[in-house]
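Only one structure is covered here, and it is reproduced in the block below.
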Amino acid sequence: MRDMGSSAVRAAAVLAALVAVSSCKLSVAEQPPTAQDFDEIERGRYLTAVADCTACHTDPADTRPFAGGRPVQTPFGTVLAANITPDEQTGIGSWTPEQFDAAVRGGRRPDGKRLYPAMPFLYYAKMSRSDVAAIRAYLLTLAPVHKHVDTNQLPFPFNIRWGMRLWDALYFKPGSFEADPSKPEAWNRGAYLVQGPGHCAACHTPKTWLGADRKDRSLQGYSLQGWFAPDITNDPGRGLGNWSSADLVAYLKTGHNRFSGASGPMAEEVVHSSSRMTDSDLSAIATYLESKPGGTAVSDKPLSTASAVMTAGAAIYEDLCSACHRRDGSGVPYLIPDLSHSASVESREATSMLHVVLEGAQTAATADEPTGPAMPAFGWQLDDAQVAAVTTYLRNSWGHAAPATTAGEVHKARENLEAAQP
Amino acid sequence: MMRKLPPKDVVIVGLGWTGSIVAYELAEAGLDVTAIERGPWRDTATDYAPNFAQDELRYRIRHELFLRPDQTTFTFRNKMSGTALPIRTWGAFMPPNGVGGGGVHWNGETWRFLPSDFVLKTHLTQRYGAHFLPDDMTIQDWGVTFEELEPHYDRFEYLCGTSGTAGNLQGKIQPGGNPFEGPRSRAYPNPAQQQPFSHTLFAKAAADLGYHPFPQPSGNMSRAYRNPLGVRLGPCTYCGFCEWFGCANYSKASPQTTILPVLVRKPNFQARDNCEVTRINTDSTGKRATGVTFVDTAGIEWEQPADLVILAAYTIFNVQLLLLSGIGAPYDPVANRGVIGRNFTHQTISDVTSFFDRTRFAFNPFIASGSIGMCIDEFNGDNFDHGPHGFVGGGYMGQVQTNGRPIETTPVPPGTPRWGAQWKQAVRDNYQSALKPGTGVHGSMYSYRDVYLDLDPTYRDRFNRPLVRITMDFHENELKQNVFLTDKFADIFRAMGAQQVVKEYRKGPYDITKYQTTHLCGGAIMGNDPGTSALNRYLQSWDVPNLFVMGASAFPQNAGYNPTGTVAALAYWSLDAIRNRYLKSPGPLQHA
């Protein structure tokens with residue numbers, strides 16, 4: 001009996017294995033990658049960097065990768081990024097492949113509730129299903145971290161998640177990326193990276209009052225988190241029209257080029273994401289961005305150099321800025337930004353300039369450009385009128401033209417940044 | 001109770017120039033490296049930003065960047081018969097403190113020593129006979145030659161982006177450079193800095209007198225530079241706030257602007273700031289270092305075990321740690337035995353202030369960099385026949401005026417009241433037309449039996465450890481040298497057309513309150529004989545082979561140049577031996 005019994009068990013096991021093998025063969029296309037799929041895990045690691053998941057999901061105060069908890073500021077309040085390590089209870093360990101895909105590309109949690117668009121699922125929706133599956137495969141290889149994160153820190157009424165249903169109905173159009181067959185392969189790859197995993201529009205596209213992208217002004221620059229994410233279209237005045245493809249690739253790869261250095265949130269993006277991308281993907285991004293037309297022509301005329309504010313600004317520049325940035329604003333390539341060719345200087349809003357002048361800024365340090373030079377803070381030294389004068393001077397010198405910055409704007413920026421008073 | 005940290009491959013004491021070089025090289029070799037620094041972390045934009053770096057009162061007068069004597073100091077006396085007292089305000093030299101060490105506040109003067117400097121005893125004895133040297137002079141050969149160090153000098157110059165004009169390229173004398181320098185394998189990485197009016201005028205007068213003036217080799221960038229580690233420096237702005245100050249413009253070579261950005265990216269490198277090493281620990285045989293003990297700002301004592309211990313602190317602190325840890329025999333000047341503390345030296349500096357016709361000369365002295373200057377080397381080392389003069393040694397000299405700062409650099413003619421309306425008028429009258437080079441005559445100081453370091457019998461630090469006692473005085477040889485050099489120097493200013501030339505000879509006794517340079521040397525010197533040197537020719541302790549002692553403490557005597565180039569070259573030389581020989585087979589690299 002015992003022998004018979006055990007052979008019956010064995011036979012059943014063999015049968016089950018056969019079924020498993022055959023079903024595996026039948027549905028190979030839908031099967032999620034497993035821990036054995038090195039190529040998928042490696043692809044997922046790369047895509048996780050491209051999608052810059054770590055920017056929000058790794059808390060610098062915690063440092064355990066992807067354990068969540070980092071506050072993400074939105075115009076409506078603060079959201080804490082989720083724990084996306086494979087912990088069963090507090091992370092994504094128990095999520096099915098479908099649930100993961102629904103969260104990343106559909107903005108829905110496994111419990112059916114809606115994610116806030118601080119998670120850029122609007123853009124990730126353009127990623128392919130297999131790319132998202134690869135990201136999941138990679139995340140599942142990480143050390144699980146047991147850490148509960150209460151993601152929703154928003155004030156009433158934004159803390160009511162079902163409000164997102166209406167928002168999604170208005171603004172969220174699921175659907176994957178459609179290649180344009182009339183465009184070269186590199187352009188299409190660039191478009192996919194920029195629109196999908198790279199989610200460049202999340203920062204660089206102006207928003208409606210409800211926080212949705214203004215499609216008519218795609219990538220033309222937007223203020224958020226105390227910075228102005230500049231116009232990254234090919235606009236020669238306020239965009240990247242003066243940058244060659246090589247300039248853009250160098251900037252994304254190293255954080256620096258002959259004109260500029262990445263600071264603020266972009267420095268984080270370079271360190272965690274674009275510096276880890278392949279040269280061919282970076283050139284694809286450049287190819288795509290170079291094809292993006294700018295906005296309507298800038299009609300501002302530079303302020304007269306004879307005006308009192310320009311005279312004062314010139315004097316402050318000469319005294320405090322010119323030693324590093326040079327008298328003609330040209331800076332030092334790869335070290336000190338060239339203010340005469342800076343989109344941030346001439347951008348629609350002076351937000352980034354005010355941030356940098358008041359609080360200083362640390363540029364990205366990368367393997368290829370490890371120096372990471374920094375701009376010191378001047379907020380403790382210059383009053384509102386002086387900051388207004390020097391930024392007005394910069395925005396109206398060397399071919400730039402922009403409206404004067406007011407002392408009131410500086411005052412507000414100083415308050416928002418909680419920057420030092422002189 | 002002492003707390004014990006997990007062991008490291010390497011522990012480095014001090015994160016200045018040498019500590020940074022050592023940390024980078026050994027981390028590159030794959031070792032797990034920790035550096036312990038007594039002072040704070042420092043970085044350009046946060047610690048010496050351009051909107052406050054140029055504060056003469058804070059940095060020059062009130063010594064912002066330096067060790068506070070309250071934390072620790074030294075005692076000083078001129079003669080062995082005297083009683084030493086603690087130094088309570090820094091004067092003759094400025095002990096650095098903090099990450100970057102002296103590399104933060106130096107002028108950037110990046111010299112190589114002369115080939116004959118490294119074989120000094122042999123060379124002088126051969127040329128002049130043993131009787132020519134004073135009886136109590138204890139100069140020695142270094143155990144390493146210029147030729148051996150040349151690739152390492154080169155390495156440091158390319159790390160720093162040194163600006164200069166080569167004088168001897170592979171044996172061929174070059175126009176415009178220093179014809180006395182040893183052969184260099186290649187040109188400086190950057191051209192020499194531009195020279196202001198008074199410096200070019202000095203060069204012209206020197207050339208008219210038959211000398212060979214050349215620009216001082218400079219760690220201030222003459223143009224933007226990217227070093228072999230990929231770190232970038234910007235062009236110097238000639239702001240005139242260099243020595244005593246950190247550079248706000250990323251223009252002065254320092255650990256911060258050349259190494260640290262790359263070093264801090266290495267996962268196998270760790271630094272502890274604000275922690276003071278109090279002892280090198282050894283095992284029961286005393287022949288092997290087991291690590292170091294340090295104290296943090298909370299007063300908690302920690303043990304950091306390590307396989308390899310590198311001392312890279314300021315000269316006297318290297319010596320102090322050896323003395324307090326019982327490594328090597330303390331020097332006994334009476335018996336002339338022992339090695340730790342012997343051959344301690346400084347420098348013999350003097351200056352000439354000259355006054356020109358103010359209707360004809362406007363020098364704009366505020367246009368300057370730290371190592372700006374036109375120099376001559378005719379009277380350095382053994383570049384001239386000392387036979388008729390009755391002394392040995394020498395130094396470079398030059399119009400190396402590094403600033404026109406309002407507190408420090410207000411030369412007035414002798415006889416002017418020291419304050420009041422007349423003084424103010426004299427400052428106004430002379431500011432633009434007077435020259436005051438700073439360290440115009442940069443003379444050597446050779447070593448003597450009664451100039452040394454030991455532990456003070458009376459005074460102790462906050463850890464109840466004895467302070468180091470300095471016993472130092474000028475000897476007749478150096479004072480003679482200084483009169484000879486200062487006179488030659490003054491002749492050049494007369495040839496420039498000065499109406500009045502005021503010579504400020506260096507006189508004895510050695511004055512601990514008057515600034516000369518921060519170039520303290522010796523006390524734990526290198527050599528080929530364990531009877532007269534603490535270290536072998538690879539800077540390895542003769543007594544404890546897993547201990548290396550880097551820095552100017554290894555100089556058997558001081559030459560007539562600034563020491564940093566040689567300090568760094570020695571570090572690279574030692575690291576070459578550590579990486580290529582010691583790590584493969586840890587043990588003595590040289591047998592006595």
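Here's how to read the names in the structure tokens: chain A, B, ... by the order shown, residue numbers from 1 in each chain, ligand numbers from 1 in the order shown.
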
Using only C-alpha atoms, what table do you get, as JSON lines, when you list each residue of chain B with an atom no more than 12 Å from chain A, its nearest pair of atoms, and their distance in Å rounded to one decimal, rows by chain then rising number?
{"residue": "B:Asp43", "atom": "CA", "partner": "A:Ala374", "partner_atom": "CA", "distance": 9.4}
{"residue": "B:Thr44", "atom": "CA", "partner": "A:Ala374", "partner_atom": "CA", "distance": 7.8}
{"residue": "B:Ala45", "atom": "CA", "partner": "A:Pro376", "partner_atom": "CA", "distance": 4.9}
{"residue": "B:Thr46", "atom": "CA", "partner": "A:Pro376", "partner_atom": "CA", "distance": 6.4}
{"residue": "B:Asp47", "atom": "CA", "partner": "A:Pro376", "partner_atom": "CA", "distance": 9.3}
{"residue": "B:Tyr48", "atom": "CA", "partner": "A:Pro376", "partner_atom": "CA", "distance": 9.0}
{"residue": "B:Ala49", "atom": "CA", "partner": "A:Pro376", "partner_atom": "CA", "distance": 5.8}
{"residue": "B:Pro50", "atom": "CA", "partner": "A:Leu320", "partner_atom": "CA", "distance": 7.2}
{"residue": "B:Asn51", "atom": "CA", "partner": "A:Leu320", "partner_atom": "CA", "distance": 6.4}
{"residue": "B:Phe52", "atom": "CA", "partner": "A:Gln381", "partner_atom": "CA", "distance": 9.6}
{"residue": "B:Ala53", "atom": "CA", "partner": "A:Pro376", "partner_atom": "CA", "distance": 11.1}
{"residue": "B:Gln54", "atom": "CA", "partner": "A:Leu320", "partner_atom": "CA", "distance": 11.3}
{"residue": "B:Arg223", "atom": "CA", "partner": "A:Val332", "partner_atom": "CA", "distance": 9.6}
{"residue": "B:Ala224", "atom": "CA", "partner": "A:Val332", "partner_atom": "CA", "distance": 7.1}
{"residue": "B:Tyr225", "atom": "CA", "partner": "A:Leu335", "partner_atom": "CA", "distance": 9.9}
{"residue": "B:Arg226", "atom": "CA", "partner": "A:Thr371", "partner_atom": "CA", "distance": 9.6}
{"residue": "B:Asn227", "atom": "CA", "partner": "A:Thr371", "partner_atom": "CA", "distance": 10.5}
{"residue": "B:Pro228", "atom": "CA", "partner": "A:Asp368", "partner_atom": "CA", "distance": 11.6}
{"residue": "B:Leu229", "atom": "CA", "partner": "A:Pro370", "partner_atom": "CA", "distance": 8.6}
{"residue": "B:Gly230", "atom": "CA", "partner": "A:Glu369", "partner_atom": "CA", "distance": 6.4}
{"residue": "B:Val231", "atom": "CA", "partner": "A:Thr371", "partner_atom": "CA", "distance": 5.0}
{"residue": "B:Arg232", "atom": "CA", "partner": "A:Thr371", "partner_atom": "CA", "distance": 6.1}
{"residue": "B:Leu233", "atom": "CA", "partner": "A:Leu335", "partner_atom": "CA", "distance": 7.5}
{"residue": "B:Gly234", "atom": "CA", "partner": "A:Val332", "partner_atom": "CA", "distance": 6.5}
{"residue": "B:Pro235", "atom": "CA", "partner": "A:Val332", "partner_atom": "CA", "distance": 8.1}
{"residue": "B:Cys236", "atom": "CA", "partner": "A:Ala323", "partner_atom": "CA", "distance": 8.9}
{"residue": "B:Thr237", "atom": "CA", "partner": "A:Ala323", "partner_atom": "CA", "distance": 6.4}
{"residue": "B:Tyr238", "atom": "CA", "partner": "A:Ala323", "partner_atom": "CA", "distance": 9.5}
{"residue": "B:Cys239", "atom": "CA", "partner": "A:Ala323", "partner_atom": "CA", "distance": 8.6}
{"residue": "B:Cys247", "atom": "CA", "partner": "A:Cys324", "partner_atom": "CA", "distance": 11.3}
{"residue": "B:Ala248", "atom": "CA", "partner": "A:Cys324", "partner_atom": "CA", "distance": 8.7}
{"residue": "B:Asn249", "atom": "CA", "partner": "A:Cys324", "partner_atom": "CA", "distance": 6.0}
{"residue": "B:Tyr250", "atom": "CA", "partner": "A:Pro373", "partner_atom": "CA", "distance": 8.1}
{"residue": "B:Ser251", "atom": "CA", "partner": "A:Cys324", "partner_atom": "CA", "distance": 9.6}
{"residue": "B:Pro255", "atom": "CA", "partner": "A:Thr371", "partner_atom": "CA", "distance": 11.7}
{"residue": "B:Gln256", "atom": "CA", "partner": "A:Thr371", "partner_atom": "CA", "distance": 9.1}
{"residue": "B:Thr257", "atom": "CA", "partner": "A:Thr371", "partner_atom": "CA", "distance": 7.6}
{"residue": "B:Thr258", "atom": "CA", "partner": "A:Thr371", "partner_atom": "CA", "distance": 8.4}
{"residue": "B:Ile259", "atom": "CA", "partner": "A:Thr371", "partner_atom": "CA", "distance": 9.2}
{"residue": "B:Leu260", "atom": "CA", "partner": "A:Thr371", "partner_atom": "CA", "distance": 8.8}
{"residue": "B:Pro261", "atom": "CA", "partner": "A:Thr371", "partner_atom": "CA", "distance": 5.5}
{"residue": "B:Val262", "atom": "CA", "partner": "A:Pro370", "partner_atom": "CA", "distance": 6.0}
{"residue": "B:Leu263", "atom": "CA", "partner": "A:Pro370", "partner_atom": "CA", "distance": 9.5}
{"residue": "B:Val264", "atom": "CA", "partner": "A:Pro370", "partner_atom": "CA", "distance": 9.6}
{"residue": "B:Arg265", "atom": "CA", "partner": "A:Ala367", "partner_atom": "CA", "distance": 8.3}
{"residue": "B:Lys266", "atom": "CA", "partner": "A:Ala367", "partner_atom": "CA", "distance": 10.4}

For Arg348 in chain A, find every residue with an atom within 12 Å (counting only C-alpha atoms), except residues of its own chain fewer than 4 positions away, and show them as a PyMOL selection string. chain A and resi 206+220-223+228-231+237-239+295+298-300+343-344+352-353+395+400-405

Mind writing the picked residues with C-alpha atoms as a compact mmCIF listing (two decimals), in the first residue's frame?
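File again.txt, as written:
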# COMPACT_ATOMS: atom_id res chain seq x y z
CA PRO A 206 2.88 74.34 -17.46
CA GLN A 220 7.69 75.20 -22.10
CA GLY A 221 8.63 75.49 -18.45
CA TYR A 222 6.81 75.48 -15.08
CA SER A 223 7.44 76.61 -11.51
CA PHE A 228 11.40 76.95 -12.38
CA ALA A 229 11.83 73.86 -14.53
CA PRO A 230 12.93 75.70 -17.66
CA ASP A 231 11.60 75.58 -21.18
CA GLY A 237 15.48 82.46 -26.47
CA ARG A 238 13.96 80.73 -23.50
CA GLY A 239 14.48 77.12 -24.48
CA GLY A 295 6.29 79.07 -27.75
CA VAL A 298 9.53 86.63 -26.99
CA SER A 299 8.49 90.24 -27.37
CA ASP A 300 10.17 91.65 -24.25
CA ALA A 343 17.64 79.49 -20.11
CA SER A 344 17.20 79.77 -16.35
CA SER A 352 15.04 79.52 -10.09
CA MET A 353 17.21 82.61 -10.20
CA ARG A 395 17.64 89.08 -17.09
CA HIS A 400 18.45 88.72 -22.51
CA ALA A 401 15.15 90.54 -22.12
CA ALA A 402 12.64 89.98 -19.36
CA PRO A 403 10.35 92.00 -17.13
CA ALA A 404 11.98 93.52 -14.04
CA THR A 405 11.89 91.45 -10.87

Using only C-alpha atoms, which protein or nucleic acid residues come within 10 Å of Asp281 in chain A? Drop anything in the same chain fewer than 5 positions from it, and give the result as a short mmCIF file (atom, residue, chain, number, x, y, z; two decimals) with N, CA and C atoms, in the first residue's frame.
data_model
loop_
_atom_site.label_atom_id
_atom_site.label_comp_id
_atom_site.auth_asym_id
_atom_site.auth_seq_id
_atom_site.Cartn_x
_atom_site.Cartn_y
_atom_site.Cartn_z
N VAL A 50 15.72 55.08 -15.49
CA VAL A 50 15.15 56.01 -16.48
C VAL A 50 13.90 56.66 -15.90
N ALA A 186 15.24 56.98 -33.82
CA ALA A 186 15.80 57.69 -32.66
C ALA A 186 14.80 58.69 -32.11
N ARG A 189 12.21 56.81 -30.19
CA ARG A 189 12.75 56.36 -28.91
C ARG A 189 12.82 57.54 -27.93
N GLY A 190 13.27 58.68 -28.45
CA GLY A 190 13.35 59.88 -27.60
C GLY A 190 11.97 60.30 -27.11
N LEU A 193 10.87 57.99 -24.36
CA LEU A 193 11.57 58.23 -23.09
C LEU A 193 11.08 59.52 -22.43
N VAL A 249 23.25 66.16 -24.40
CA VAL A 249 23.68 64.83 -23.94
C VAL A 249 24.69 64.98 -22.79
N SER A 274 19.41 60.34 -15.40
CA SER A 274 19.97 60.47 -16.75
C SER A 274 21.45 60.12 -16.82
N ALA A 286 17.70 63.95 -27.03
CA ALA A 286 18.11 65.21 -27.66
C ALA A 286 17.43 65.36 -29.02
N THR A 287 17.40 64.28 -29.79
CA THR A 287 16.77 64.33 -31.12
C THR A 287 15.31 64.74 -30.99
#

Got a sec: who's within 8 Å of range 398-403 of chain B, counting only C-alpha atoms, leaving out chain neighbours fewer than 4 positions off, as a list of chain:residue names? B:Ser198, B:His199, B:Phe202, B:Gln216, B:Gly240, B:Phe241, B:Cys242, B:Pro365, B:Phe366, B:Ile367, B:Ala368, B:Ser369, B:Gly370, B:Ser371, B:Ile372, B:Gly373, B:Met374, B:Cys375, B:Ile376, B:Thr409, B:Leu435, B:Lys436, B:Pro437, B:Gly438, B:Thr439, B:Gly440, B:Val441, B:Phe489

Within 6 Å of range 564-578 of chain B, counting only C-alpha atoms, which residues show up once you throw out same-chain ones fewer than 4 positions away? Write them as a PDB file with C-alpha atoms, in the first residue's frame, please.
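Result file is part.pdb:
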ATOM      1  CA  THR B 110      54.620  74.760  -5.654  1.00  0.00           C
ATOM      2  CA  TRP B 111      58.382  74.272  -5.762  1.00  0.00           C
ATOM      3  CA  ARG B 112      60.713  71.357  -6.324  1.00  0.00           C
ATOM      4  CA  HIS B 152      56.109  62.155  -8.154  1.00  0.00           C
ATOM      5  CA  TYR B 153      56.685  65.908  -8.311  1.00  0.00           C
ATOM      6  CA  TYR B 538      60.068  55.108   2.009  1.00  0.00           C
ATOM      7  CA  GLY B 551      54.744  65.169   5.669  1.00  0.00           C
ATOM      8  CA  ALA B 552      57.515  67.688   6.191  1.00  0.00           C
ATOM      9  CA  TYR B 582      54.317  46.638   0.761  1.00  0.00           C
ATOM     10  CA  LEU B 583      50.775  45.451   0.023  1.00  0.00           C
TER      11      LEU B 583
END

Skipping near chain neighbours, those fewer than 4 positions away, what residues fall within 12 Å of Thr285 in chain B using only C-alpha atoms, listed as JSON, numbers by chain? {"B": [281, 289, 290, 326, 327, 543, 544]}

Please provide the set of residues having any atom within 9 Å of Asp461 in chain B, restricted to only C-alpha atoms, with same-chain residues fewer than 5 positions apart removed, written as a count of residues only. 6

Please, what distance in Å, to one decimal, runs between CA of Met80 in chain B and CA of Asp450 in chain B?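 A separation of 6.9 Å between them.
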
Distance of CA of Thr311 in chain A from CA of Glu415 in chain A, expressed in Å to one decimal place: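 Taking CA of Glu415 in chain A as the start and CA of Thr311 in chain A as the end point, the length is 26.4 Å.
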
All helix (DSSP H, G or I) residues (DSSP, backbone) inside range 94-175 of chain A, as a PyMOL selection string: chain A and resi 97-106+121-124+129-139+163-171

Please write the residues from the selection above to a file, keeping N, CA and C atoms, as an mmCIF file, in the first residue's frame.
data_model
loop_
_atom_site.group_PDB
_atom_site.id
_atom_site.type_symbol
_atom_site.label_atom_id
_atom_site.label_comp_id
_atom_site.auth_asym_id
_atom_site.auth_seq_id
_atom_site.Cartn_x
_atom_site.Cartn_y
_atom_site.Cartn_z
ATOM 1 N N PRO A 97 1.234 40.816 -10.725
ATOM 2 C CA PRO A 97 1.740 41.613 -11.853
ATOM 3 C C PRO A 97 0.682 42.592 -12.365
ATOM 4 N N GLU A 98 -0.567 42.161 -12.388
ATOM 5 C CA GLU A 98 -1.638 43.036 -12.883
ATOM 6 C C GLU A 98 -1.826 44.236 -11.955
ATOM 7 N N GLN A 99 -1.769 43.965 -10.657
ATOM 8 C CA GLN A 99 -1.948 45.062 -9.696
ATOM 9 C C GLN A 99 -0.821 46.083 -9.832
ATOM 10 N N PHE A 100 0.392 45.579 -10.031
ATOM 11 C CA PHE A 100 1.531 46.488 -10.186
ATOM 12 C C PHE A 100 1.350 47.338 -11.440
ATOM 13 N N ASP A 101 0.962 46.682 -12.517
ATOM 14 C CA ASP A 101 0.775 47.397 -13.774
ATOM 15 C C ASP A 101 -0.350 48.434 -13.632
ATOM 16 N N ALA A 102 -1.394 48.063 -12.940
ATOM 17 C CA ALA A 102 -2.523 48.988 -12.765
ATOM 18 C C ALA A 102 -2.106 50.210 -11.950
ATOM 19 N N ALA A 103 -1.224 50.009 -10.991
ATOM 20 C CA ALA A 103 -0.758 51.142 -10.189
ATOM 21 C C ALA A 103 0.124 52.064 -11.028
ATOM 22 N N VAL A 104 1.106 51.485 -11.720
ATOM 23 C CA VAL A 104 2.087 52.293 -12.440
ATOM 24 C C VAL A 104 1.454 52.959 -13.667
ATOM 25 N N ARG A 105 0.659 52.217 -14.384
ATOM 26 C CA ARG A 105 0.139 52.764 -15.646
ATOM 27 C C ARG A 105 -1.303 53.236 -15.549
ATOM 28 N N GLY A 106 -1.984 52.855 -14.463
ATOM 29 C CA GLY A 106 -3.398 53.214 -14.366
ATOM 30 C C GLY A 106 -3.733 54.067 -13.160
ATOM 31 N N PHE A 121 1.705 58.610 -12.955
ATOM 32 C CA PHE A 121 1.154 57.519 -13.763
ATOM 33 C C PHE A 121 0.600 58.033 -15.092
ATOM 34 N N LEU A 122 0.282 59.355 -15.138
ATOM 35 C CA LEU A 122 -0.181 59.911 -16.415
ATOM 36 C C LEU A 122 0.839 59.673 -17.520
ATOM 37 N N TYR A 123 2.122 59.771 -17.107
ATOM 38 C CA TYR A 123 3.195 59.616 -18.090
ATOM 39 C C TYR A 123 3.587 58.149 -18.215
ATOM 40 N N TYR A 124 3.634 57.481 -17.069
ATOM 41 C CA TYR A 124 3.994 56.063 -17.105
ATOM 42 C C TYR A 124 2.972 55.249 -17.904
ATOM 43 N N ARG A 129 3.657 47.657 -21.446
ATOM 44 C CA ARG A 129 3.350 46.728 -20.364
ATOM 45 C C ARG A 129 4.605 45.929 -19.990
ATOM 46 N N SER A 130 5.392 45.563 -21.003
ATOM 47 C CA SER A 130 6.563 44.722 -20.709
ATOM 48 C C SER A 130 7.652 45.531 -19.983
ATOM 49 N N ASP A 131 7.737 46.843 -20.282
ATOM 50 C CA ASP A 131 8.715 47.660 -19.552
ATOM 51 C C ASP A 131 8.342 47.745 -18.074
ATOM 52 N N VAL A 132 7.056 47.900 -17.807
ATOM 53 C CA VAL A 132 6.613 47.980 -16.415
ATOM 54 C C VAL A 132 6.830 46.633 -15.715
ATOM 55 N N ALA A 133 6.592 45.557 -16.446
ATOM 56 C CA ALA A 133 6.824 44.221 -15.873
ATOM 57 C C ALA A 133 8.305 44.039 -15.532
ATOM 58 N N ALA A 134 9.169 44.602 -16.377
ATOM 59 C CA ALA A 134 10.614 44.481 -16.102
ATOM 60 C C ALA A 134 10.982 45.253 -14.836
ATOM 61 N N ILE A 135 10.376 46.429 -14.655
ATOM 62 C CA ILE A 135 10.627 47.207 -13.433
ATOM 63 C C ILE A 135 10.206 46.399 -12.206
ATOM 64 N N ARG A 136 9.042 45.756 -12.314
ATOM 65 C CA ARG A 136 8.583 44.951 -11.185
ATOM 66 C C ARG A 136 9.573 43.803 -10.917
ATOM 67 N N ALA A 137 10.031 43.179 -12.000
ATOM 68 C CA ALA A 137 10.971 42.059 -11.827
ATOM 69 C C ALA A 137 12.218 42.525 -11.072
ATOM 70 N N TYR A 138 12.677 43.726 -11.411
ATOM 71 C CA TYR A 138 13.853 44.259 -10.719
ATOM 72 C C TYR A 138 13.537 44.563 -9.258
ATOM 73 N N LEU A 139 12.427 45.243 -9.022
ATOM 74 C CA LEU A 139 12.096 45.630 -7.647
ATOM 75 C C LEU A 139 11.960 44.392 -6.750
ATOM 76 N N GLY A 163 -12.034 61.896 -4.911
ATOM 77 C CA GLY A 163 -11.973 63.091 -5.745
ATOM 78 C C GLY A 163 -11.126 62.859 -6.981
ATOM 79 N N MET A 164 -10.199 61.930 -6.828
ATOM 80 C CA MET A 164 -9.313 61.624 -7.958
ATOM 81 C C MET A 164 -10.052 60.959 -9.115
ATOM 82 N N ARG A 165 -11.241 60.367 -8.797
ATOM 83 C CA ARG A 165 -11.999 59.732 -9.878
ATOM 84 C C ARG A 165 -12.396 60.774 -10.912
ATOM 85 N N LEU A 166 -12.861 61.904 -10.397
ATOM 86 C CA LEU A 166 -13.288 62.984 -11.279
ATOM 87 C C LEU A 166 -12.077 63.508 -12.057
ATOM 88 N N TRP A 167 -10.988 63.663 -11.312
ATOM 89 C CA TRP A 167 -9.773 64.196 -11.943
ATOM 90 C C TRP A 167 -9.325 63.262 -13.073
ATOM 91 N N ASP A 168 -9.284 61.978 -12.754
ATOM 92 C CA ASP A 168 -8.875 60.998 -13.764
ATOM 93 C C ASP A 168 -9.787 61.066 -14.985
ATOM 94 N N ALA A 169 -11.095 61.204 -14.708
ATOM 95 C CA ALA A 169 -12.039 61.247 -15.824
ATOM 96 C C ALA A 169 -11.751 62.448 -16.714
ATOM 97 N N LEU A 170 -11.319 63.556 -16.061
ATOM 98 C CA LEU A 170 -11.054 64.763 -16.827
ATOM 99 C C LEU A 170 -9.731 64.702 -17.592
ATOM 100 N N TYR A 171 -8.714 64.199 -16.908
ATOM 101 C CA TYR A 171 -7.356 64.396 -17.446
ATOM 102 C C TYR A 171 -6.608 63.116 -17.807
#

Filtered DSSP result for range 292-398 of chain A, state strand (DSSP E or B), as JSON, numbers by chain: {"A": [332, 336, 361, 362, 363, 374, 375]}

Save the residues we just selected, C-alpha atoms, as a CSV table (one decimal), in the first residue's frame?
chain,number,residue,atom,x,y,z
A,332,VAL,CA,33.9,78.9,-16.8
A,336,ILE,CA,30.7,78.2,-13.4
A,361,ALA,CA,22.7,75.8,-5.1
A,362,GLN,CA,24.8,72.7,-5.3
A,363,THR,CA,25.3,71.3,-8.8
A,374,ALA,CA,28.3,75.2,-5.8
A,375,MET,CA,26.8,78.7,-5.7

Could you check how far CA of Glu150 in chain B sits from CA of Thr18 in chain B, in Å to one decimal?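 Those two atoms sit 17.3 Å apart.
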